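Structure file entry_31.pdb with PDB, N, CA and C atoms:
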ATOM      1  N   MET A   1       0.863  -1.184   0.000
ATOM      2  CA  MET A   1       0.000   0.000   0.000
ATOM      3  C   MET A   1       0.899   1.233   0.000
ATOM      4  N   ALA A   2       0.614   2.156  -0.884
ATOM      5  CA  ALA A   2       1.398   3.382  -0.981
ATOM      6  C   ALA A   2       1.244   4.200   0.301
ATOM      7  N   PRO A   3       2.315   4.877   0.746
ATOM      8  CA  PRO A   3       2.240   5.670   1.980
ATOM      9  C   PRO A   3       1.123   6.709   1.978
ATOM     10  N   VAL A   4       0.886   7.341   0.840
ATOM     11  CA  VAL A   4      -0.177   8.357   0.789
ATOM     12  C   VAL A   4      -1.537   7.715   1.020
ATOM     13  N   TRP A   5      -1.773   6.578   0.353
ATOM     14  CA  TRP A   5      -3.058   5.881   0.509
ATOM     15  C   TRP A   5      -3.228   5.420   1.957
ATOM     16  N   ALA A   6      -2.162   4.896   2.561
ATOM     17  CA  ALA A   6      -2.221   4.451   3.950
ATOM     18  C   ALA A   6      -2.562   5.618   4.872
ATOM     19  N   SER A   7      -1.983   6.769   4.606
ATOM     20  CA  SER A   7      -2.276   7.964   5.400
ATOM     21  C   SER A   7      -3.733   8.381   5.245
ATOM     22  N   GLN A   8      -4.238   8.345   4.007
ATOM     23  CA  GLN A   8      -5.624   8.716   3.755
ATOM     24  C   GLN A   8      -6.579   7.751   4.450
ATOM     25  N   ILE A   9      -6.266   6.460   4.432
ATOM     26  CA  ILE A   9      -7.111   5.473   5.113
ATOM     27  C   ILE A   9      -7.102   5.740   6.618
ATOM     28  N   GLY A  10      -5.953   6.110   7.150
ATOM     29  CA  GLY A  10      -5.878   6.468   8.558
ATOM     30  C   GLY A  10      -6.766   7.662   8.887
ATOM     31  N   GLN A  11      -6.722   8.673   8.026
ATOM     32  CA  GLN A  11      -7.583   9.846   8.211
ATOM     33  C   GLN A  11      -9.059   9.447   8.130
ATOM     34  N   LEU A  12      -9.374   8.578   7.168
ATOM     35  CA  LEU A  12     -10.760   8.126   7.019
ATOM     36  C   LEU A  12     -11.235   7.400   8.267
ATOM     37  N   GLY A  13     -10.378   6.565   8.825
ATOM     38  CA  GLY A  13     -10.749   5.840  10.036
ATOM     39  C   GLY A  13     -11.110   6.792  11.166
ATOM     40  N   THR A  14     -10.321   7.848  11.301
ATOM     41  CA  THR A  14     -10.608   8.853  12.325
ATOM     42  C   THR A  14     -11.918   9.571  12.031
ATOM     43  N   MET A  15     -12.135   9.927  10.767
ATOM     44  CA  MET A  15     -13.375  10.612  10.385
ATOM     45  C   MET A  15     -14.591   9.736  10.648
ATOM     46  N   VAL A  16     -14.487   8.452  10.292
ATOM     47  CA  VAL A  16     -15.606   7.522  10.512
ATOM     48  C   VAL A  16     -15.875   7.383  12.005
ATOM     49  N   ALA A  17     -14.824   7.244  12.789
ATOM     50  CA  ALA A  17     -14.989   7.087  14.234
ATOM     51  C   ALA A  17     -15.668   8.298  14.867
ATOM     52  N   ASN A  18     -15.414   9.487  14.319
ATOM     53  CA  ASN A  18     -15.959  10.720  14.894
ATOM     54  C   ASN A  18     -17.255  11.186  14.244
ATOM     55  N   ALA A  19     -17.652  10.551  13.154
ATOM     56  CA  ALA A  19     -18.844  10.994  12.415
ATOM     57  C   ALA A  19     -20.117  10.700  13.200
ATOM     58  N   THR A  20     -21.031  11.648  13.136
ATOM     59  CA  THR A  20     -22.335  11.444  13.773
ATOM     60  C   THR A  20     -23.411  11.135  12.733
ATOM     61  N   SER A  21     -23.079  11.303  11.448
ATOM     62  CA  SER A  21     -24.009  10.987  10.364
ATOM     63  C   SER A  21     -23.219  10.791   9.077
ATOM     64  N   LEU A  22     -23.840  10.144   8.094
ATOM     65  CA  LEU A  22     -23.184   9.987   6.802
ATOM     66  C   LEU A  22     -23.000  11.328   6.114
ATOM     67  N   ASP A  23     -23.976  12.221   6.266
ATOM     68  CA  ASP A  23     -23.832  13.560   5.682
ATOM     69  C   ASP A  23     -22.638  14.288   6.281
ATOM     70  N   GLY A  24     -22.479  14.164   7.590
ATOM     71  CA  GLY A  24     -21.343  14.790   8.259
ATOM     72  C   GLY A  24     -20.021  14.198   7.798
ATOM     73  N   LEU A  25     -20.008  12.872   7.588
ATOM     74  CA  LEU A  25     -18.808  12.204   7.092
ATOM     75  C   LEU A  25     -18.454  12.714   5.703
ATOM     76  N   GLN A  26     -19.446  12.838   4.839
ATOM     77  CA  GLN A  26     -19.196  13.351   3.488
ATOM     78  C   GLN A  26     -18.656  14.774   3.532
ATOM     79  N   GLU A  27     -19.213  15.613   4.400
ATOM     80  CA  GLU A  27     -18.734  16.993   4.524
ATOM     81  C   GLU A  27     -17.288  17.018   4.996
ATOM     82  N   ASP A  28     -16.953  16.182   5.984
ATOM     83  CA  ASP A  28     -15.577  16.121   6.485
ATOM     84  C   ASP A  28     -14.623  15.662   5.385
ATOM     85  N   MET A  29     -15.075  14.670   4.599
ATOM     86  CA  MET A  29     -14.229  14.161   3.524
ATOM     87  C   MET A  29     -14.003  15.212   2.451
ATOM     88  N   LEU A  30     -15.039  15.939   2.103
ATOM     89  CA  LEU A  30     -14.878  16.998   1.104
ATOM     90  C   LEU A  30     -13.931  18.086   1.605
ATOM     91  N   ALA A  31     -14.025  18.390   2.892
ATOM     92  CA  ALA A  31     -13.121  19.398   3.461
ATOM     93  C   ALA A  31     -11.671  18.909   3.428
ATOM     94  N   ALA A  32     -11.466  17.630   3.696
ATOM     95  CA  ALA A  32     -10.107  17.092   3.755
ATOM     96  C   ALA A  32      -9.535  16.740   2.385
ATOM     97  N   PHE A  33     -10.379  16.214   1.499
ATOM     98  CA  PHE A  33      -9.880  15.660   0.235
ATOM     99  C   PHE A  33     -10.534  16.281  -0.998
ATOM    100  N   GLY A  34     -11.250  17.368  -0.834
ATOM    101  CA  GLY A  34     -12.011  17.960  -1.932
ATOM    102  C   GLY A  34     -11.197  18.318  -3.160
ATOM    103  N   GLY A  35      -9.912  18.524  -3.003
ATOM    104  CA  GLY A  35      -9.069  18.874  -4.139
ATOM    105  C   GLY A  35      -8.528  17.669  -4.885
ATOM    106  N   ALA A  36      -8.853  16.477  -4.401
ATOM    107  CA  ALA A  36      -8.350  15.256  -5.035
ATOM    108  C   ALA A  36      -9.087  14.995  -6.348
ATOM    109  N   PRO A  37      -8.460  14.266  -7.256
ATOM    110  CA  PRO A  37      -9.149  13.901  -8.501
ATOM    111  C   PRO A  37     -10.406  13.086  -8.204
ATOM    112  N   GLN A  38     -11.364  13.141  -9.118
ATOM    113  CA  GLN A  38     -12.647  12.469  -8.917
ATOM    114  C   GLN A  38     -12.466  10.974  -8.662
ATOM    115  N   GLU A  39     -11.578  10.333  -9.397
ATOM    116  CA  GLU A  39     -11.351   8.886  -9.214
ATOM    117  C   GLU A  39     -10.876   8.582  -7.788
ATOM    118  N   THR A  40     -10.002   9.427  -7.264
ATOM    119  CA  THR A  40      -9.519   9.245  -5.895
ATOM    120  C   THR A  40     -10.651   9.445  -4.902
ATOM    121  N   MET A  41     -11.490  10.454  -5.127
ATOM    122  CA  MET A  41     -12.630  10.702  -4.234
ATOM    123  C   MET A  41     -13.578   9.510  -4.221
ATOM    124  N   VAL A  42     -13.824   8.909  -5.374
ATOM    125  CA  VAL A  42     -14.703   7.739  -5.443
ATOM    126  C   VAL A  42     -14.115   6.602  -4.605
ATOM    127  N   GLN A  43     -12.817   6.382  -4.734
ATOM    128  CA  GLN A  43     -12.165   5.326  -3.960
ATOM    129  C   GLN A  43     -12.210   5.627  -2.464
ATOM    130  N   LEU A  44     -11.990   6.882  -2.101
ATOM    131  CA  LEU A  44     -12.033   7.265  -0.689
ATOM    132  C   LEU A  44     -13.436   7.131  -0.119
ATOM    133  N   MET A  45     -14.444   7.523  -0.887
ATOM    134  CA  MET A  45     -15.837   7.386  -0.436
ATOM    135  C   MET A  45     -16.179   5.916  -0.221
ATOM    136  N   ALA A  46     -15.785   5.062  -1.154
ATOM    137  CA  ALA A  46     -16.057   3.626  -1.022
ATOM    138  C   ALA A  46     -15.375   3.072   0.223
ATOM    139  N   ALA A  47     -14.133   3.473   0.456
ATOM    140  CA  ALA A  47     -13.411   3.008   1.638
ATOM    141  C   ALA A  47     -14.074   3.518   2.919
ATOM    142  N   ALA A  48     -14.487   4.761   2.916
ATOM    143  CA  ALA A  48     -15.123   5.337   4.104
ATOM    144  C   ALA A  48     -16.432   4.637   4.419
ATOM    145  N   PHE A  49     -17.235   4.358   3.419
ATOM    146  CA  PHE A  49     -18.509   3.685   3.665
ATOM    147  C   PHE A  49     -18.283   2.242   4.117
ATOM    148  N   ALA A  50     -17.242   1.582   3.606
ATOM    149  CA  ALA A  50     -16.903   0.237   4.078
ATOM    150  C   ALA A  50     -16.477   0.288   5.546
ATOM    151  N   LEU A  51     -15.655   1.268   5.904
ATOM    152  CA  LEU A  51     -15.242   1.426   7.295
ATOM    153  C   LEU A  51     -16.440   1.724   8.196
ATOM    154  N   ALA A  52     -17.343   2.571   7.726
ATOM    155  CA  ALA A  52     -18.537   2.908   8.506
ATOM    156  C   ALA A  52     -19.410   1.669   8.717
ATOM    157  N   GLU A  53     -19.543   0.858   7.673
ATOM    158  CA  GLU A  53     -20.342  -0.365   7.796
ATOM    159  C   GLU A  53     -19.706  -1.313   8.813
ATOM    160  N   LEU A  54     -18.390  -1.480   8.734
ATOM    161  CA  LEU A  54     -17.710  -2.345   9.694
ATOM    162  C   LEU A  54     -17.830  -1.810  11.115
ATOM    163  N   LYS A  55     -17.748  -0.502  11.254
ATOM    164  CA  LYS A  55     -17.898   0.107  12.585
ATOM    165  C   LYS A  55     -19.298  -0.165  13.120
ATOM    166  N   GLY A  56     -20.300  -0.027  12.259
ATOM    167  CA  GLY A  56     -21.679  -0.294  12.666
ATOM    168  C   GLY A  56     -21.880  -1.739  13.086
ATOM    169  N   LEU A  57     -21.288  -2.673  12.345
ATOM    170  CA  LEU A  57     -21.386  -4.075  12.698
ATOM    171  C   LEU A  57     -20.718  -4.347  14.049
ATOM    172  N   SER A  58     -19.558  -3.749  14.241
ATOM    173  CA  SER A  58     -18.851  -3.922  15.500
ATOM    174  C   SER A  58     -19.652  -3.348  16.653
ATOM    175  N   ASP A  59     -20.213  -2.159  16.459
ATOM    176  CA  ASP A  59     -21.026  -1.528  17.512
ATOM    177  C   ASP A  59     -22.243  -2.389  17.844
ATOM    178  N   ALA A  60     -22.873  -2.959  16.803
ATOM    179  CA  ALA A  60     -24.064  -3.784  17.004
ATOM    180  C   ALA A  60     -23.742  -5.057  17.790
ATOM    181  N   GLN A  61     -22.503  -5.531  17.650
ATOM    182  CA  GLN A  61     -22.098  -6.737  18.365
ATOM    183  C   GLN A  61     -21.519  -6.414  19.744
ATOM    184  N   GLY A  62     -21.541  -5.132  20.103
ATOM    185  CA  GLY A  62     -21.040  -4.728  21.408
ATOM    186  C   GLY A  62     -19.560  -4.420  21.441
ATOM    187  N   GLY A  63     -18.938  -4.302  20.260
ATOM    188  CA  GLY A  63     -17.509  -3.965  20.208
ATOM    189  C   GLY A  63     -17.301  -2.479  20.366
ATOM    190  N   ALA A  64     -16.060  -2.100  20.478
ATOM    191  CA  ALA A  64     -15.740  -0.670  20.621
ATOM    192  C   ALA A  64     -15.369  -0.082  19.299
TER     193      ALA A  64
END
Show the structure stored in the file as C-alpha cells.
Amino acid sequence: MAPVWASQIGQLGTMVANATSLDGLQEDMLAAFGGAPQETMVQLMAAAFALAELKGLSDAQGGA
C-alpha cells in the first residue's frame, strides 16, 4: 500500500470514528480531500462507507 493511501485510510478511520451521520462524514471528507481527482474521491468514499459499515457491525455486536 502506498504511503499516501495508507495515510488517507488512517484519516478516514478517524473521520468515521468521529462521524455522527453519513452527511457529516461526506462533509468532512470533502473538506479534507475535496481537491483530489474524482477517481480518488470515489475510492475514498467507497473506503469510508466500508469502514462505517464495519464500525456499525462492531457496535451492534457490542464492540468498541
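Taking atom CA of Leu30 of chain A and atom N of Ala60 of chain A as the two end points, the separation is 26.6 Å.
The space between atom N of Ala19 of chain A and atom C of Ala6 of chain A spans 17.9 Å.
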Checklist entry - Tell me, which residues of chain A carry DSSP alpha helix (DSSP H), written as number ranges by chain? => result A: 3-18, 22-33, 38-60
Starting from 3 Å padding per side, set up an axis-aligned box that covers all listed atoms of segment 50-54 of chain A and hand over centre and edge lengths in Å, one decimal, as AutoDock Vina command-line options.
--center_x -17.8 --center_y 0.3 --center_z 7.4 --size_x 11.1 --size_y 11.3 --size_z 13.5
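Selection check: the PyMOL selection byres ((chain A and resi 42-50) around 8) on the shown file gives A:Gln8, A:Ile9, A:Leu12, A:Gly13, A:Met15, A:Val16, A:Gln26, A:Met29, A:Ala36, A:Pro37, A:Gln38, A:Glu39, A:Thr40, A:Met41, A:Leu51, A:Ala52, A:Glu53, A:Leu54, A:Lys55, A:Gly56.
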Item to check | Å distance separating atom N of Ser21 of chain A from atom N of Pro3 of chain A, one decimal place | outcome: 28.3 Å
